[in-house]
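Engineer: What follows is protein-v9.cif, mmCIF, C-alpha atoms.
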```cif
data_protein
loop_
_atom_site.group_PDB
_atom_site.id
_atom_site.type_symbol
_atom_site.label_atom_id
_atom_site.label_comp_id
_atom_site.auth_asym_id
_atom_site.auth_seq_id
_atom_site.Cartn_x
_atom_site.Cartn_y
_atom_site.Cartn_z
ATOM 1 C CA PHE A 1 59.842 38.494 165.976
ATOM 2 C CA GLY A 2 63.101 39.601 167.624
ATOM 3 C CA ALA A 3 61.971 43.185 168.139
ATOM 4 C CA ARG A 4 58.637 42.111 169.626
ATOM 5 C CA THR A 5 60.355 39.582 171.891
ATOM 6 C CA ALA A 6 62.689 42.306 173.144
ATOM 7 C CA GLU A 7 59.714 44.632 173.716
ATOM 8 C CA LEU A 8 57.941 41.994 175.801
ATOM 9 C CA GLY A 9 61.119 41.270 177.743
ATOM 10 C CA ARG A 10 61.501 44.957 178.618
ATOM 11 C CA ALA A 11 57.845 45.260 179.633
ATOM 12 C CA LEU A 12 58.070 42.159 181.800
ATOM 13 C CA ALA A 13 61.307 43.351 183.424
ATOM 14 C CA GLU A 14 59.766 46.761 184.188
ATOM 15 C CA SER A 15 56.762 45.122 185.853
ATOM 16 C CA GLY A 16 58.953 42.788 187.916
ATOM 17 C CA GLY A 17 57.631 39.694 186.143
ATOM 18 C CA LEU A 18 60.843 38.605 184.476
ATOM 19 C CA SER A 19 62.401 35.546 186.056
ATOM 20 C CA GLU A 20 65.953 35.697 187.278
ATOM 21 C CA ASP A 21 68.463 33.682 185.251
ATOM 22 C CA ASP A 22 69.526 31.600 188.230
ATOM 23 C CA LEU A 23 69.593 28.041 186.934
ATOM 24 C CA PRO A 24 72.814 26.080 187.377
ATOM 25 C CA ARG A 25 74.912 25.670 184.255
ATOM 26 C CA THR A 26 77.338 23.132 182.903
ATOM 27 C CA PRO A 27 80.973 24.148 182.366
ATOM 28 C CA GLY A 28 80.028 24.731 178.719
ATOM 29 C CA GLY A 29 77.359 27.268 179.724
ATOM 30 C CA ARG A 30 74.230 25.212 179.069
ATOM 31 C CA VAL A 31 71.502 25.036 181.688
ATOM 32 C CA GLU A 32 71.615 21.765 183.610
ATOM 33 C CA ARG A 33 68.826 19.596 182.259
ATOM 34 C CA SER A 34 67.364 18.516 185.614
ATOM 35 C CA ALA A 35 67.062 22.147 186.745
ATOM 36 C CA ALA A 36 65.532 23.132 183.402
ATOM 37 C CA ASP A 37 62.948 20.353 183.739
ATOM 38 C CA VAL A 38 61.892 21.548 187.199
ATOM 39 C CA ARG A 39 61.605 25.169 186.032
ATOM 40 C CA PHE A 40 59.694 24.060 182.932
ATOM 41 C CA ALA A 41 57.074 22.270 185.049
ATOM 42 C CA GLU A 42 56.591 25.431 187.131
ATOM 43 C CA ARG A 43 56.138 27.576 184.021
ATOM 44 C CA GLN A 44 53.759 25.108 182.433
ATOM 45 C CA ARG A 45 51.562 25.237 185.553
ATOM 46 C CA GLU A 46 51.528 29.070 185.332
ATOM 47 C CA VAL A 47 50.219 28.937 181.767
ATOM 48 C CA GLU A 48 47.642 26.276 182.635
ATOM 49 C CA ALA A 49 46.401 28.437 185.528
ATOM 50 C CA ASP A 50 46.006 31.541 183.326
ATOM 51 C CA PRO A 51 46.290 30.886 179.572
ATOM 52 C CA ALA A 52 45.566 34.543 178.785
ATOM 53 C CA ASP A 53 48.630 35.806 180.701
ATOM 54 C CA TRP A 54 51.216 36.835 178.127
ATOM 55 C CA GLY A 55 53.908 37.012 180.806
ATOM 56 C CA ALA A 56 53.341 33.364 181.702
ATOM 57 C CA TRP A 57 53.741 32.460 178.027
ATOM 58 C CA PHE A 58 56.953 34.496 177.829
ATOM 59 C CA ARG A 59 58.384 32.695 180.854
ATOM 60 C CA LEU A 60 57.291 29.345 179.378
ATOM 61 C CA ALA A 61 59.130 30.212 176.155
ATOM 62 C CA VAL A 62 62.295 30.872 178.155
ATOM 63 C CA ALA A 63 61.821 27.557 179.987
ATOM 64 C CA TYR A 64 61.471 25.709 176.684
ATOM 65 C CA ASP A 65 64.647 27.366 175.459
ATOM 66 C CA ASP A 66 66.493 26.452 178.660
ATOM 67 C CA ALA A 67 65.381 22.840 178.129
ATOM 68 C CA GLY A 68 66.792 22.936 174.589
ATOM 69 C CA ASP A 69 63.468 22.901 172.722
ATOM 70 C CA ARG A 70 63.806 25.895 170.416
ATOM 71 C CA ARG A 71 60.815 25.033 168.230
ATOM 72 C CA ARG A 72 58.415 25.049 171.173
ATOM 73 C CA ALA A 73 60.161 28.078 172.655
ATOM 74 C CA ARG A 74 59.420 30.075 169.499
ATOM 75 C CA SER A 75 55.837 28.839 169.434
ATOM 76 C CA ALA A 76 55.267 29.845 173.069
ATOM 77 C CA MET A 77 56.859 33.242 172.381
ATOM 78 C CA ARG A 78 54.526 33.761 169.417
ATOM 79 C CA THR A 79 51.609 33.075 171.786
ATOM 80 C CA ALA A 80 53.005 35.611 174.259
ATOM 81 C CA ILE A 81 53.271 38.186 171.454
ATOM 82 C CA GLU A 82 49.660 37.500 170.357
ATOM 83 C CA ARG A 83 48.378 37.991 173.912
ATOM 84 C CA TYR A 84 50.483 41.044 174.745
ATOM 85 C CA THR A 85 48.696 44.363 175.067
ATOM 86 C CA ARG A 86 50.802 47.496 175.311
ATOM 87 C CA PRO A 87 50.288 49.462 178.529
#
```
Would you kindly transcribe this structure into structure tokens?
Structural biologist:
Amino acid sequence: FGARTAELGRALAESGGLSEDDLPRTPGGRVERSAADVRFAERQREVEADPADWGAWFRLAVAYDDAGDRRRARSAMRTAIERYTRP
């Protein structure tokens, strides 16, 4: 899982599809919840618009993780891995 996630992250970064880590953080380093919720809604709309897009699923997984939902983050990442096709 970790190796495949890293592979997808590299592929997405190379194609310019990796989101910038620009959300505001608390002094403890966690993403501020209100910002995470806004980003999550954006990512969810991306997946709804194109459920076959593995990059959208990857970004949704990151949004779930930012919102503190690790279980759904892993599930979304598994979907991204299933839909990924190597170039």
Engineer: Could you check how far CA of Ala41 in chain A sits from CA of Asp22 in chain A, in Å to one decimal?
Structural biologist: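 Calculated distance between CA of Ala41 in chain A and CA of Asp22 in chain A is 15.9 Å.
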Engineer: For Thr79 in chain A, please output as a PyMOL selection string all residues within 10 Å (counting only C-alpha atoms; exclusion window: fewer than 6 positions along the same chain).
Structural biologist: chain A and resi 51-54+57-58+61+73
Engineer: Provide the CA of Asp37 in chain A to CA of Ala67 in chain A distance in Å, to one decimal place.
Structural biologist: 6.6 Å
Engineer: Work out how far CA of Tyr64 in chain A is from CA of Gln44 in chain A, in Å to one decimal.
Structural biologist: 9.6 Å
Engineer: Could you pull the residues within 10 Å of Phe1 in chain A, counting only C-alpha atoms, minus those fewer than 5 positions along the same chain, as a VMD selection string?
Structural biologist: chain A and resid 6 to 7 74 77 to 78 81
Engineer: Where does the PyMOL selection byres ((chain A and resi 62) around 12) land in this file, that is, which residues does it pick, as a PyMOL selection string?
Structural biologist: chain A and resi 5+9+18-21+23+31+36-37+39-40+42-44+55-61+63-77+80
Engineer: Can you save range 48-77 of chain A of the given block to a file, including N, CA, C and O atoms and formatted as a CSV table (one decimal), in the first residue's frame?
Structural biologist:
```csv
chain,number,residue,atom,x,y,z
A,48,GLU,N,-17.0,13.2,-7.9
A,48,GLU,CA,-18.3,13.0,-8.4
A,48,GLU,C,-18.4,13.4,-9.9
A,48,GLU,O,-19.1,12.7,-10.6
A,49,ALA,N,-17.6,14.3,-10.3
A,49,ALA,CA,-17.6,14.7,-11.7
A,49,ALA,C,-16.9,13.7,-12.6
A,49,ALA,O,-17.3,13.5,-13.8
A,50,ASP,N,-15.9,13.0,-12.1
A,50,ASP,CA,-15.2,12.0,-12.9
A,50,ASP,C,-14.7,10.8,-12.0
A,50,ASP,O,-13.6,10.8,-11.6
A,51,PRO,N,-15.6,9.9,-11.7
A,51,PRO,CA,-15.3,8.8,-10.7
A,51,PRO,C,-14.2,7.9,-11.2
A,51,PRO,O,-13.6,7.2,-10.4
A,52,ALA,N,-13.8,7.9,-12.5
A,52,ALA,CA,-12.8,7.1,-13.0
A,52,ALA,C,-11.4,7.7,-12.9
A,52,ALA,O,-10.4,7.0,-13.1
A,53,ASP,N,-11.3,9.0,-12.5
A,53,ASP,CA,-10.1,9.7,-12.4
A,53,ASP,C,-9.3,9.3,-11.1
A,53,ASP,O,-9.7,9.7,-10.0
A,54,TRP,N,-8.2,8.6,-11.3
A,54,TRP,CA,-7.5,8.1,-10.1
A,54,TRP,C,-6.9,9.3,-9.4
A,54,TRP,O,-6.7,9.3,-8.2
A,55,GLY,N,-6.5,10.4,-10.1
A,55,GLY,CA,-5.9,11.5,-9.5
A,55,GLY,C,-6.9,12.2,-8.5
A,55,GLY,O,-6.5,12.7,-7.5
A,56,ALA,N,-8.2,12.3,-9.0
A,56,ALA,CA,-9.2,12.9,-8.1
A,56,ALA,C,-9.4,12.0,-6.8
A,56,ALA,O,-9.5,12.6,-5.8
A,57,TRP,N,-9.3,10.7,-7.0
A,57,TRP,CA,-9.4,9.9,-5.8
A,57,TRP,C,-8.2,10.0,-4.9
A,57,TRP,O,-8.3,10.0,-3.6
A,58,PHE,N,-7.0,10.2,-5.4
A,58,PHE,CA,-5.8,10.5,-4.6
A,58,PHE,C,-6.0,11.8,-3.8
A,58,PHE,O,-5.7,11.8,-2.6
A,59,ARG,N,-6.4,12.8,-4.5
A,59,ARG,CA,-6.6,14.1,-3.8
A,59,ARG,C,-7.7,14.0,-2.8
A,59,ARG,O,-7.6,14.6,-1.7
A,60,LEU,N,-8.7,13.2,-3.1
A,60,LEU,CA,-9.8,13.0,-2.1
A,60,LEU,C,-9.2,12.3,-0.8
A,60,LEU,O,-9.6,12.7,0.3
A,61,ALA,N,-8.4,11.3,-1.1
A,61,ALA,CA,-7.7,10.6,0.1
A,61,ALA,C,-6.9,11.6,0.9
A,61,ALA,O,-7.0,11.5,2.2
A,62,VAL,N,-6.2,12.5,0.3
A,62,VAL,CA,-5.4,13.5,1.1
A,62,VAL,C,-6.4,14.4,1.8
A,62,VAL,O,-6.1,14.7,3.0
A,63,ALA,N,-7.5,14.8,1.2
A,63,ALA,CA,-8.5,15.6,1.9
A,63,ALA,C,-9.1,14.9,3.1
A,63,ALA,O,-9.3,15.5,4.2
A,64,TYR,N,-9.4,13.6,3.0
A,64,TYR,CA,-9.9,12.9,4.1
A,64,TYR,C,-8.9,12.9,5.2
A,64,TYR,O,-9.2,13.1,6.4
A,65,ASP,N,-7.6,12.6,4.9
A,65,ASP,CA,-6.6,12.6,5.9
A,65,ASP,C,-6.4,14.0,6.6
A,65,ASP,O,-6.3,14.0,7.8
A,66,ASP,N,-6.5,15.0,5.8
A,66,ASP,CA,-6.4,16.4,6.4
A,66,ASP,C,-7.6,16.6,7.3
A,66,ASP,O,-7.4,17.4,8.3
A,67,ALA,N,-8.7,16.1,7.0
A,67,ALA,CA,-9.9,16.2,7.9
A,67,ALA,C,-9.9,15.3,9.1
A,67,ALA,O,-10.8,15.3,9.9
A,68,GLY,N,-8.8,14.4,9.2
A,68,GLY,CA,-8.7,13.5,10.3
A,68,GLY,C,-9.4,12.2,10.2
A,68,GLY,O,-9.5,11.5,11.2
A,69,ASP,N,-9.9,11.9,9.0
A,69,ASP,CA,-10.6,10.6,8.8
A,69,ASP,C,-9.7,9.6,8.1
A,69,ASP,O,-9.8,9.4,6.8
A,70,ARG,N,-8.9,8.9,8.8
A,70,ARG,CA,-7.9,8.0,8.2
A,70,ARG,C,-8.5,6.8,7.6
A,70,ARG,O,-8.0,6.3,6.5
A,71,ARG,N,-9.6,6.3,8.1
A,71,ARG,CA,-10.2,5.1,7.6
A,71,ARG,C,-10.7,5.4,6.1
A,71,ARG,O,-10.4,4.7,5.2
A,72,ARG,N,-11.4,6.5,6.0
A,72,ARG,CA,-11.9,6.9,4.6
A,72,ARG,C,-10.7,7.3,3.7
A,72,ARG,O,-10.8,7.1,2.5
A,73,ALA,N,-9.7,7.9,4.3
A,73,ALA,CA,-8.5,8.3,3.5
A,73,ALA,C,-7.9,7.0,2.9
A,73,ALA,O,-7.6,7.0,1.7
A,74,ARG,N,-7.7,6.0,3.7
A,74,ARG,CA,-7.2,4.7,3.1
A,74,ARG,C,-8.1,4.1,2.1
A,74,ARG,O,-7.6,3.6,1.1
A,75,SER,N,-9.4,4.1,2.3
A,75,SER,CA,-10.3,3.6,1.4
A,75,SER,C,-10.3,4.3,0.0
A,75,SER,O,-10.2,3.7,-1.0
A,76,ALA,N,-10.2,5.7,0.1
A,76,ALA,CA,-10.1,6.5,-1.1
A,76,ALA,C,-8.8,6.2,-1.9
A,76,ALA,O,-8.8,6.1,-3.1
A,77,MET,N,-7.7,6.0,-1.1
A,77,MET,CA,-6.4,5.8,-1.7
A,77,MET,C,-6.5,4.4,-2.4
A,77,MET,O,-5.9,4.2,-3.5
```
